[in-house]
>>> print(open('run_39.txt').read())   # compact mmCIF, C-alpha atoms and all ligand atoms
# COMPACT_ATOMS: atom_id res chain seq x y z
CA MET A 184 -1.49 -5.50 -44.27
CA LYS A 185 -2.58 -8.61 -42.37
CA VAL A 186 -3.06 -7.53 -38.78
CA LEU A 187 -3.49 -9.59 -35.64
CA VAL A 188 -5.80 -7.76 -33.24
CA THR A 189 -5.72 -9.15 -29.70
CA GLY A 190 -8.73 -8.19 -27.60
CA GLY A 191 -10.47 -7.39 -30.87
CA LEU A 192 -13.98 -7.96 -29.49
CA GLY A 193 -13.49 -5.44 -26.69
CA TYR A 194 -14.47 -1.78 -26.65
CA ILE A 195 -11.52 -0.16 -28.46
CA GLY A 196 -10.52 -3.30 -30.39
CA SER A 197 -13.92 -3.71 -32.04
CA HIS A 198 -13.99 -0.11 -33.28
CA THR A 199 -10.42 -0.51 -34.55
CA VAL A 200 -11.33 -3.66 -36.50
CA ILE A 201 -13.93 -1.64 -38.43
CA GLU A 202 -11.46 1.13 -39.27
CA LEU A 203 -8.79 -1.38 -40.34
CA ILE A 204 -11.18 -3.09 -42.76
CA LYS A 205 -12.34 0.30 -44.08
CA ASN A 206 -8.70 0.99 -44.92
CA ASN A 207 -8.30 -2.32 -46.77
CA HIS A 208 -6.33 -4.18 -44.12
CA GLU A 209 -7.00 -7.82 -43.30
CA VAL A 210 -7.81 -8.67 -39.71
CA VAL A 211 -7.34 -11.78 -37.53
CA ILE A 212 -8.82 -11.58 -34.03
CA ILE A 213 -7.86 -13.32 -30.79
CA ASP A 214 -10.03 -12.78 -27.72
CA ASN A 215 -10.77 -15.01 -24.72
CA LEU A 216 -14.10 -13.24 -24.07
CA SER A 217 -13.07 -12.42 -20.48
CA ASN A 218 -14.57 -8.94 -20.93
CA SER A 219 -16.53 -9.20 -24.18
CA GLU A 220 -19.19 -11.25 -25.91
CA LEU A 221 -19.06 -13.46 -28.98
CA SER A 222 -22.08 -11.60 -30.38
CA VAL A 223 -19.73 -8.65 -31.12
CA LEU A 224 -18.08 -10.80 -33.80
CA SER A 225 -21.28 -11.15 -35.82
CA VAL A 226 -21.98 -7.44 -35.45
CA LEU A 227 -18.48 -6.70 -36.79
CA GLU A 228 -19.02 -9.10 -39.68
CA LYS A 229 -22.32 -7.41 -40.46
CA LEU A 230 -20.87 -3.89 -40.29
CA THR A 231 -17.81 -4.75 -42.39
CA ASN A 232 -19.52 -7.24 -44.68
CA LYS A 233 -16.55 -9.60 -44.17
CA LYS A 234 -15.98 -12.98 -42.58
CA LEU A 235 -13.42 -12.35 -39.86
CA PRO A 236 -11.03 -15.09 -38.70
CA PHE A 237 -11.54 -15.42 -34.94
CA TYR A 238 -9.67 -17.49 -32.36
CA LYS A 239 -11.14 -17.83 -28.88
CA MET A 240 -7.83 -18.17 -27.09
CA ASP A 241 -5.92 -16.69 -24.19
CA VAL A 242 -3.05 -14.55 -25.46
CA LYS A 243 -0.89 -15.85 -22.57
CA ASP A 244 -1.27 -19.37 -23.92
CA GLU A 245 1.24 -21.20 -26.10
CA GLU A 246 -1.61 -22.31 -28.38
CA ILE A 247 -1.76 -18.87 -30.06
CA LYS A 248 1.23 -20.08 -32.06
CA LYS A 249 -1.41 -21.68 -34.31
CA VAL A 250 -2.57 -18.23 -35.41
CA PHE A 251 0.94 -17.36 -36.60
CA GLU A 252 1.22 -20.70 -38.39
CA GLU A 253 -2.08 -20.23 -40.20
CA HIS A 254 -1.64 -16.55 -41.14
CA LYS A 255 1.28 -14.47 -42.34
CA ILE A 256 0.91 -11.75 -39.72
CA GLU A 257 2.48 -8.43 -40.74
CA GLY A 258 1.41 -6.30 -37.80
CA ILE A 259 0.04 -6.77 -34.29
CA ILE A 260 -2.24 -4.46 -32.33
CA HIS A 261 -2.26 -5.63 -28.74
CA PHE A 262 -5.41 -4.56 -26.86
CA ALA A 263 -5.92 -7.69 -24.74
CA GLY A 264 -5.60 -6.94 -21.05
CA TYR A 265 -7.53 -6.08 -17.92
CA LYS A 266 -8.30 -2.41 -17.34
CA ALA A 267 -10.24 -1.81 -14.12
CA VAL A 268 -8.10 0.34 -11.83
CA GLY A 269 -9.97 -0.56 -8.59
CA GLU A 270 -9.94 -4.27 -9.35
CA SER A 271 -6.19 -4.10 -9.99
CA VAL A 272 -5.73 -2.91 -6.40
CA SER A 273 -7.66 -5.87 -4.96
CA GLU A 274 -6.35 -8.45 -7.49
CA PRO A 275 -2.81 -7.29 -8.31
CA LEU A 276 -1.45 -10.70 -9.22
CA MET A 277 -4.24 -11.27 -11.73
CA TYR A 278 -3.36 -7.93 -13.36
CA TYR A 279 0.40 -8.50 -13.48
CA GLN A 280 -0.10 -12.03 -14.84
CA ASN A 281 -2.56 -11.09 -17.53
CA ASN A 282 -1.28 -7.70 -18.63
CA ILE A 283 2.37 -8.68 -18.69
CA GLY A 284 1.96 -12.39 -19.53
CA THR A 285 0.03 -11.58 -22.72
CA THR A 286 2.72 -9.18 -23.93
CA LEU A 287 5.60 -11.56 -23.17
CA ASN A 288 4.01 -14.45 -25.07
CA LEU A 289 2.98 -12.28 -27.99
CA VAL A 290 6.37 -10.60 -28.35
CA LYS A 291 8.14 -13.96 -28.24
CA LEU A 292 6.00 -15.14 -31.18
CA ALA A 293 6.28 -11.82 -33.01
CA LEU A 294 10.07 -12.23 -33.00
CA LYS A 295 9.90 -15.90 -33.94
CA TYR A 296 7.59 -15.21 -36.89
CA LYS A 297 9.40 -11.98 -37.82
CA VAL A 298 6.45 -9.63 -37.44
CA PRO A 299 7.88 -6.15 -38.13
CA LYS A 300 5.26 -4.00 -36.40
CA PHE A 301 3.79 -4.03 -32.89
CA ILE A 302 1.31 -1.50 -31.53
CA PHE A 303 0.62 -1.42 -27.81
CA SER A 304 -2.34 0.08 -25.89
CA SER A 305 -0.73 2.22 -23.25
CA SER A 306 -2.35 4.92 -21.19
CA ALA A 307 -1.95 8.51 -20.09
CA THR A 308 -1.78 7.06 -16.59
CA VAL A 309 1.97 6.45 -17.13
CA TYR A 310 2.56 10.23 -16.91
CA GLY A 311 1.56 10.11 -13.23
CA ASP A 312 0.84 13.42 -11.55
CA GLN A 313 2.96 15.70 -13.73
CA GLN A 314 1.60 18.94 -15.18
CA SER A 315 -0.65 18.74 -18.27
CA PRO A 316 -0.37 18.97 -21.21
CA PHE A 317 1.48 15.68 -21.14
CA ASP A 318 4.01 15.32 -23.92
CA GLU A 319 5.90 12.23 -24.96
CA THR A 320 9.31 13.56 -23.94
CA MET A 321 8.27 13.62 -20.26
CA PRO A 322 9.63 10.76 -18.16
CA ARG A 323 7.21 8.10 -17.01
CA GLY A 324 5.78 9.24 -13.65
CA ASN A 325 4.68 7.41 -10.51
CA THR A 326 1.67 5.19 -10.88
CA THR A 327 -0.88 4.85 -8.10
CA ASN A 328 -2.19 1.35 -8.84
CA PRO A 329 -1.10 -2.03 -10.29
CA TYR A 330 -3.01 -1.42 -13.55
CA GLY A 331 -0.95 1.69 -14.26
CA GLU A 332 2.22 -0.13 -13.27
CA THR A 333 1.49 -2.89 -15.82
CA LYS A 334 1.35 -0.23 -18.54
CA LYS A 335 4.70 1.19 -17.44
CA ILE A 336 6.31 -2.26 -17.31
CA ASN A 337 4.91 -3.19 -20.73
CA GLU A 338 6.30 0.00 -22.24
CA ARG A 339 9.73 -0.79 -20.81
CA ILE A 340 9.63 -4.42 -22.02
CA LEU A 341 8.74 -3.34 -25.55
CA GLU A 342 11.43 -0.64 -25.59
CA ASP A 343 14.07 -3.15 -24.47
CA VAL A 344 13.01 -5.79 -26.99
CA ALA A 345 12.88 -3.31 -29.88
CA TYR A 346 16.33 -2.00 -28.92
CA ALA A 347 17.77 -5.51 -28.99
CA ASN A 348 16.01 -6.61 -32.19
CA LYS A 349 16.41 -4.46 -35.27
CA GLY A 350 13.41 -4.88 -37.52
CA PHE A 351 10.97 -5.16 -34.59
CA ASN A 352 9.25 -1.77 -34.63
CA VAL A 353 7.00 -0.64 -31.80
CA VAL A 354 4.47 2.15 -31.37
CA LEU A 355 3.37 2.79 -27.78
CA LEU A 356 0.04 4.58 -28.03
CA ARG A 357 -0.91 6.45 -24.87
CA TYR A 358 -4.67 6.84 -24.83
CA PHE A 359 -6.38 9.62 -22.97
CA ASN A 360 -10.09 9.03 -22.16
CA PRO A 361 -11.92 7.14 -24.91
CA ILE A 362 -15.72 7.52 -24.81
CA GLY A 363 -18.59 7.35 -27.32
CA ALA A 364 -19.57 4.53 -29.63
CA HIS A 365 -19.94 3.54 -33.28
CA LYS A 366 -22.65 5.53 -35.02
CA SER A 367 -24.63 2.37 -35.76
CA GLY A 368 -25.29 2.08 -32.02
CA LEU A 369 -24.41 -1.61 -32.31
CA ILE A 370 -21.02 -1.60 -30.60
CA GLY A 371 -19.84 0.43 -27.64
CA GLU A 372 -18.69 0.20 -24.06
CA LYS A 373 -20.52 -2.31 -21.90
CA PRO A 374 -18.97 -2.50 -18.44
CA VAL A 375 -19.76 -5.41 -16.17
CA GLY A 376 -21.34 -4.30 -12.86
CA ILE A 377 -21.11 -0.76 -11.52
CA PRO A 378 -19.12 1.40 -13.98
CA ASN A 379 -15.81 2.84 -12.76
CA ASN A 380 -15.62 5.39 -15.52
CA LEU A 381 -17.56 8.59 -15.88
CA MET A 382 -19.26 8.20 -19.28
CA PRO A 383 -20.88 4.79 -18.71
CA TYR A 384 -21.98 5.99 -15.26
CA ILE A 385 -23.67 8.99 -16.90
CA THR A 386 -25.42 6.88 -19.57
CA GLN A 387 -26.62 4.37 -16.96
CA THR A 388 -27.95 7.23 -14.84
CA ALA A 389 -29.74 8.62 -17.90
CA LYS A 390 -31.33 5.21 -18.39
CA GLY A 391 -32.43 4.99 -14.76
CA ILE A 392 -30.13 2.06 -13.90
CA ARG A 393 -28.30 4.36 -11.44
CA GLU A 394 -30.17 6.85 -9.27
CA LYS A 395 -27.61 9.63 -9.59
CA LEU A 396 -24.05 10.38 -10.56
CA TYR A 397 -21.50 10.92 -7.79
CA VAL A 398 -19.08 13.65 -8.79
CA PHE A 399 -15.76 12.90 -7.13
CA GLY A 400 -14.72 16.25 -5.71
CA ASN A 401 -15.32 19.89 -6.68
CA ASP A 402 -12.26 21.39 -5.03
CA TYR A 403 -9.68 20.64 -7.72
CA ASN A 404 -7.64 23.42 -9.23
CA THR A 405 -9.72 23.46 -12.44
CA ILE A 406 -12.26 25.64 -14.24
CA ASP A 407 -15.18 24.58 -11.99
CA GLY A 408 -13.40 22.49 -9.34
CA THR A 409 -14.22 19.13 -10.92
CA GLY A 410 -11.66 16.85 -12.59
CA VAL A 411 -10.57 17.69 -16.14
CA ARG A 412 -9.84 14.96 -18.70
CA ASP A 413 -9.10 14.73 -22.42
CA TYR A 414 -12.05 12.78 -23.84
CA ILE A 415 -11.52 11.31 -27.30
CA HIS A 416 -14.20 9.64 -29.42
CA VAL A 417 -13.46 5.91 -29.68
CA VAL A 418 -13.86 6.06 -33.48
CA ASP A 419 -11.17 8.76 -33.69
CA LEU A 420 -8.99 6.65 -31.39
CA ALA A 421 -9.51 3.66 -33.72
CA LYS A 422 -8.47 5.77 -36.73
CA GLY A 423 -5.29 6.70 -34.85
CA HIS A 424 -4.40 2.98 -34.76
CA VAL A 425 -4.69 2.70 -38.54
CA LYS A 426 -2.33 5.66 -38.88
CA ALA A 427 0.11 4.11 -36.40
CA LEU A 428 0.05 0.85 -38.34
CA GLU A 429 0.72 2.59 -41.63
CA TYR A 430 3.44 4.79 -40.13
CA ASN A 431 6.78 3.42 -41.19
CA ASN A 432 8.65 3.79 -37.90
CA LYS A 433 11.97 2.32 -36.87
CA GLY A 434 12.58 1.22 -33.30
CA VAL A 435 10.18 2.69 -30.75
CA ASP A 436 7.82 5.65 -30.94
CA ILE A 437 5.65 6.87 -28.09
CA ILE A 438 2.57 8.75 -29.28
CA ASN A 439 -0.34 10.31 -27.38
CA LEU A 440 -3.86 9.81 -28.70
CA GLY A 441 -6.04 12.57 -27.30
CA THR A 442 -7.67 15.76 -28.53
CA GLY A 443 -5.47 18.19 -26.63
CA ARG A 444 -8.58 19.68 -24.99
CA GLY A 445 -9.68 19.26 -21.39
CA THR A 446 -13.31 18.92 -20.29
CA SER A 447 -14.46 18.96 -16.66
CA VAL A 448 -16.91 16.45 -15.15
CA LEU A 449 -19.63 19.10 -14.94
CA GLU A 450 -18.98 20.30 -18.50
CA LEU A 451 -19.40 16.73 -19.75
CA VAL A 452 -22.63 16.32 -17.75
CA THR A 453 -24.01 19.62 -19.10
CA SER A 454 -23.13 18.69 -22.67
CA PHE A 455 -24.82 15.29 -22.25
CA GLU A 456 -27.95 16.98 -20.88
CA GLU A 457 -28.13 19.56 -23.67
CA VAL A 458 -27.47 17.20 -26.57
CA ASN A 459 -29.66 14.34 -25.39
CA LYS A 460 -32.31 16.41 -23.57
CA ILE A 461 -32.06 14.29 -20.43
CA LYS A 462 -31.35 15.55 -16.91
CA ILE A 463 -28.55 13.82 -15.00
CA PRO A 464 -29.09 14.09 -11.25
CA TYR A 465 -25.78 14.34 -9.44
CA GLU A 466 -24.26 14.79 -6.00
CA ILE A 467 -20.81 16.12 -5.17
CA THR A 468 -18.88 13.65 -2.99
CA ASN A 469 -15.30 13.17 -1.83
CA ARG A 470 -12.34 12.97 -4.18
CA ARG A 471 -11.50 9.50 -5.45
CA PRO A 472 -8.06 8.36 -4.24
CA GLY A 473 -5.41 8.49 -6.97
CA ASP A 474 -7.26 11.03 -9.15
CA ILE A 475 -5.40 14.07 -10.44
CA ASP A 476 -6.91 17.46 -11.21
CA GLU A 477 -6.11 17.73 -14.92
CA CYS A 478 -5.02 15.25 -17.59
CA TYR A 479 -4.82 16.30 -21.22
CA ALA A 480 -2.52 15.57 -24.12
CA SER A 481 -0.03 17.39 -26.21
CA ILE A 482 -1.06 16.26 -29.70
CA ASP A 483 1.85 17.72 -31.66
CA LYS A 484 3.60 14.39 -32.18
CA ALA A 485 0.47 12.56 -33.41
CA ARG A 486 -0.14 15.45 -35.79
CA LYS A 487 3.43 15.53 -37.03
CA VAL A 488 4.39 11.88 -37.40
CA LEU A 489 1.00 10.19 -37.85
CA LYS A 490 -0.76 13.08 -39.59
CA PHE A 491 -3.53 12.30 -37.14
CA GLU A 492 -5.97 14.64 -35.51
CA ALA A 493 -9.19 13.74 -33.72
CA LYS A 494 -12.20 15.25 -35.51
CA LEU A 495 -15.23 14.37 -33.41
CA THR A 496 -16.52 16.74 -30.74
CA ILE A 497 -17.75 16.30 -27.17
CA GLU A 498 -21.28 16.66 -28.60
CA ASP A 499 -20.64 13.71 -30.96
CA MET A 500 -19.25 11.69 -28.04
CA VAL A 501 -22.21 12.22 -25.68
CA ARG A 502 -24.74 11.65 -28.49
CA ASP A 503 -23.14 8.40 -29.63
CA ALA A 504 -22.59 7.11 -26.09
CA TRP A 505 -26.30 7.58 -25.35
CA ASN A 506 -27.35 6.14 -28.72
CA PHE A 507 -25.51 2.93 -27.78
CA GLU A 508 -26.72 2.74 -24.17
CA LYS A 509 -30.39 3.42 -24.92
CA ASN A 510 -30.55 0.50 -27.36
CA LEU A 511 -28.86 -1.94 -24.95
CA LYS A 512 -31.09 -4.66 -23.54
P1 LIG B 1 -11.92 -4.15 -23.09
O1 LIG B 1 -11.91 -4.88 -21.79
O2 LIG B 1 -13.23 -3.73 -23.65
O3 LIG B 1 -11.16 -5.01 -24.21
C1 LIG B 1 -10.10 -5.88 -23.91
C2 LIG B 1 -10.40 -7.21 -24.60
O4 LIG B 1 -9.32 -8.11 -24.34
C3 LIG B 1 -11.67 -7.89 -24.08
O5 LIG B 1 -12.46 -8.29 -25.18
C4 LIG B 1 -11.16 -9.12 -23.30
O6 LIG B 1 -12.05 -10.21 -23.41
C5 LIG B 1 -9.84 -9.38 -24.00
N1 LIG B 1 -8.81 -10.04 -23.16
C6 LIG B 1 -8.38 -9.69 -21.92
N2 LIG B 1 -7.40 -10.52 -21.52
C7 LIG B 1 -7.21 -11.42 -22.52
C8 LIG B 1 -6.35 -12.53 -22.71
N3 LIG B 1 -5.48 -12.90 -21.75
N4 LIG B 1 -6.42 -13.23 -23.87
C9 LIG B 1 -7.31 -12.87 -24.84
N5 LIG B 1 -8.15 -11.84 -24.72
C10 LIG B 1 -8.11 -11.12 -23.57
O7 LIG B 1 -10.94 -2.89 -22.92
P2 LIG B 1 -10.73 -1.64 -23.88
O8 LIG B 1 -11.34 -0.45 -23.22
O9 LIG B 1 -11.10 -1.99 -25.24
O10 LIG B 1 -9.15 -1.47 -23.74
C11 LIG B 1 -8.26 -2.08 -24.63
C12 LIG B 1 -6.84 -1.82 -24.17
O11 LIG B 1 -6.63 -0.41 -24.08
C13 LIG B 1 -6.52 -2.39 -22.80
O12 LIG B 1 -5.18 -2.86 -22.81
C14 LIG B 1 -6.63 -1.19 -21.89
O13 LIG B 1 -5.82 -1.30 -20.74
C15 LIG B 1 -6.13 -0.07 -22.80
N6 LIG B 1 -6.62 1.25 -22.39
C16 LIG B 1 -7.96 1.45 -22.26
C17 LIG B 1 -8.42 2.71 -21.85
C18 LIG B 1 -9.89 2.96 -21.68
O14 LIG B 1 -10.25 3.96 -21.04
N7 LIG B 1 -10.78 2.13 -22.20
C19 LIG B 1 -7.51 3.75 -21.56
C20 LIG B 1 -6.14 3.50 -21.73
C21 LIG B 1 -5.71 2.25 -22.14
N1 LIG B 2 -15.64 10.66 -12.09
C1 LIG B 2 -16.70 11.06 -11.29
N2 LIG B 2 -17.67 10.15 -11.00
C2 LIG B 2 -17.64 8.86 -11.47
C3 LIG B 2 -16.55 8.47 -12.29
C4 LIG B 2 -15.56 9.39 -12.57
O1 LIG B 2 -16.76 12.20 -10.84
O2 LIG B 2 -18.56 8.07 -11.17
C5 LIG B 2 -14.61 11.66 -12.44
C6 LIG B 2 -13.20 11.31 -12.00
O3 LIG B 2 -12.95 11.76 -10.71
C7 LIG B 2 -12.36 12.00 -13.07
C8 LIG B 2 -13.24 11.94 -14.32
O4 LIG B 2 -14.56 11.73 -13.85
O5 LIG B 2 -12.16 13.35 -12.74
C9 LIG B 2 -12.86 10.81 -15.28
O6 LIG B 2 -12.82 9.58 -14.57
P1 LIG B 2 -12.73 8.16 -15.31
O7 LIG B 2 -12.77 7.11 -14.25
O8 LIG B 2 -13.76 8.09 -16.37
O9 LIG B 2 -11.31 8.22 -16.04
P2 LIG B 2 -9.86 8.41 -15.43
O10 LIG B 2 -9.28 9.59 -16.10
O11 LIG B 2 -9.85 8.36 -13.97
O12 LIG B 2 -9.16 7.05 -15.90
C10 LIG B 2 -9.12 6.69 -17.26
C11 LIG B 2 -9.07 5.16 -17.41
C12 LIG B 2 -7.77 4.62 -16.86
C13 LIG B 2 -6.61 5.33 -17.47
C14 LIG B 2 -6.76 6.82 -17.29
C15 LIG B 2 -5.66 7.59 -17.95
O13 LIG B 2 -10.12 4.58 -16.68
O14 LIG B 2 -7.69 3.27 -17.22
O15 LIG B 2 -8.00 7.25 -17.87
O16 LIG B 2 -5.64 7.26 -19.32
F1 LIG B 2 -5.48 4.91 -16.87
>>> encode(input="run_39.txt", output="structure tokens")
Amino acid sequence: MKVLVTGGLGYIGSHTVIELIKNNHEVVIIDNLSNSELSVLSVLEKLTNKKLPFYKMDVKDEEIKKVFEEHKIEGIIHFAGYKAVGESVSEPLMYYQNNIGTTLNLVKLALKYKVPKFIFSSSATVYGDQQSPFDETMPRGNTTNPYGETKKINERILEDVAYANKGFNVVLLRYFNPIGAHKSGLIGEKPVGIPNNLMPYITQTAKGIREKLYVFGNDYNTIDGTGVRDYIHVVDLAKGHVKALEYNNKGVDIINLGTGRGTSVLELVTSFEEVNKIKIPYEITNRRPGDIDECYASIDKARKVLKFEAKLTIEDMVRDAWNFEKNLK
């Protein structure tokens, strides 16, 4: 299938491009480089041994019509968007404009050019503070920040459009916590500035860029008091997208991509230390506003309809995350 990947030079997009090519799909990439670097394109071309059509464009912009004119797009995977929760609180308009504007423009063109399949990057954040395991039949919960709200709004927009347009089939993939990197160590997560997320904060502490990790609270109702999340290796997550693309759905499907297993902050730190033989100094501090105690997936639907199950372990994740970070200049 010929697939348009928006945000294809970003963290999850770049890993997905590799898996798509491995499975004999053709890929066209749009990215405006707002949170990625052009050098990722040459790395992808090297790893896949393919020349990849790339358009440096803003997905909100009318000019992306050109991509649909030049290629017969048969599926779209829409990763492009902003993702920093804290920044979305200080710059809400920027988040609503970018995260919703990209989807509106893309869906308009998908309908015009009769693209039958649309896959959207949603997030477990749309479940709000309900009780884990989160399953897809639960209603969307309350979000605590504009980023989360953009995911909820996007889901609703895509549901409404699919309902009104037979032949426009949507898969809303709700990601849990993607971490890790490609085994080559050449692509991975490279946050700008101080990382918001746990794994890049750990790898930067291991490298000495950060003095210590701040663990946000040890009084949660969890195994050791620290927050529990469902970490999934980014390569497994990427494989889930290939399955979603090849899944012949009608209308809208919501599907979780997680492992179904929860890991606490301290368990992740311990695993990192044991696998990589590096000590991570840490200090327990206050809870971070908006955090919940536990967030993990029900994976029954992914298993049943996509025949997908994550294979890589926490040990693989911490090893590959460090392998990427230690080689970064
Ligand atoms: P990322 O920032 O690494 O990748 C997003 C890419 O989109 C970047 O390369 C950026 O340059 C590009 N982009 C942003 N706005 C654009 C625009 N208007 N036009 C063209 N390109 C644009 O993020 P990621 O971690 O790869 O996440 C991909 C998607 O998955 C995002 O929608 C994100 O919200 C969602 N998601 C991520 C996580 C996570 O933990 N990483 C969890 C749940 C959902
Ligand atoms: N944590 C720390 N110290 C840090 C960073 C995080 O203790 O420096 C803790 C958090 O309190 C939480 C856990 O580590 O318990 C994971 O935090 P992350 O920030 O890595 O991930 P979140 O689960 O908070 O959020 C992630 C994405 C969101 C997405 C959400 C649900 O960042 O975009 O998963 O999918 F919405």
>>> atom_distance(input="run_39.txt", atom1="atom P2 of ligand LIG 1 (chain B)", atom2="CA of Leu355 in chain A")
15.3 Å
>>> residues_near_ligand(input="run_39.txt", ligand="ligand LIG 1 (chain B)", cutoff="7 Å", atoms="all atoms listed in the file", output="ChimeraX atom specification")
/A:189-196,213-219,240-243,262-266,281,285,304-307,357-361,372
>>> write_last_selection(input="run_39.txt", atoms="C-alpha atoms", output="compact mmCIF listing (two decimals), in the frame of the given file")
# COMPACT_ATOMS: atom_id res chain seq x y z
CA THR A 189 -5.72 -9.15 -29.70
CA GLY A 190 -8.73 -8.19 -27.60
CA GLY A 191 -10.47 -7.39 -30.87
CA LEU A 192 -13.98 -7.96 -29.49
CA GLY A 193 -13.49 -5.44 -26.69
CA TYR A 194 -14.47 -1.78 -26.65
CA ILE A 195 -11.52 -0.16 -28.46
CA GLY A 196 -10.52 -3.30 -30.39
CA ILE A 213 -7.86 -13.32 -30.79
CA ASP A 214 -10.03 -12.78 -27.72
CA ASN A 215 -10.77 -15.01 -24.72
CA LEU A 216 -14.10 -13.24 -24.07
CA SER A 217 -13.07 -12.42 -20.48
CA ASN A 218 -14.57 -8.94 -20.93
CA SER A 219 -16.53 -9.20 -24.18
CA MET A 240 -7.83 -18.17 -27.09
CA ASP A 241 -5.92 -16.69 -24.19
CA VAL A 242 -3.05 -14.55 -25.46
CA LYS A 243 -0.89 -15.85 -22.57
CA PHE A 262 -5.41 -4.56 -26.86
CA ALA A 263 -5.92 -7.69 -24.74
CA GLY A 264 -5.60 -6.94 -21.05
CA TYR A 265 -7.53 -6.08 -17.92
CA LYS A 266 -8.30 -2.41 -17.34
CA ASN A 281 -2.56 -11.09 -17.53
CA THR A 285 0.03 -11.58 -22.72
CA SER A 304 -2.34 0.08 -25.89
CA SER A 305 -0.73 2.22 -23.25
CA SER A 306 -2.35 4.92 -21.19
CA ALA A 307 -1.95 8.51 -20.09
CA ARG A 357 -0.91 6.45 -24.87
CA TYR A 358 -4.67 6.84 -24.83
CA PHE A 359 -6.38 9.62 -22.97
CA ASN A 360 -10.09 9.03 -22.16
CA PRO A 361 -11.92 7.14 -24.91
CA GLU A 372 -18.69 0.20 -24.06
>>> closest_residue(input="run_39.txt", among="A:Leu451, A:Val488, A:Ile204, A:Leu289", to="Val344 in chain A", atoms="all atoms listed in the file")
A:Leu289
>>> closest_residue(input="run_39.txt", among="A:Gly363, A:Gly473, A:Pro322, A:Pro378", to="Leu396 in chain A", atoms="all atoms listed in the file")
A:Pro378
>>> residues_near_point(input="run_39.txt", point="(-1.4, 6.4, -9.0)", cutoff="7 Å", atoms="all atoms listed in the file", output="list in words")
Gly311, Asn325, Thr326, Thr327, Asn328 and Gly473 of chain A
>>> atom_distance(input="run_39.txt", atom1="atom O7 of ligand LIG 2 (chain B)", atom2="CA of Leu381 in chain A")
5.3 Å
>>> residues_near_ligand(input="run_39.txt", ligand="ligand LIG 2 (chain B)", cutoff="7 Å", atoms="only C-alpha atoms and all ligand atoms", output="number ranges by chain")
A: 266-268, 306-308, 331, 358-360, 379-382, 384, 396-400, 409-412, 448, 470-471, 474, 476
>>> closest_residue(input="run_39.txt", among="A:His416, A:His208, A:Lys390, A:Lys334", to="His365 in chain A", atoms="only C-alpha atoms")
A:His416
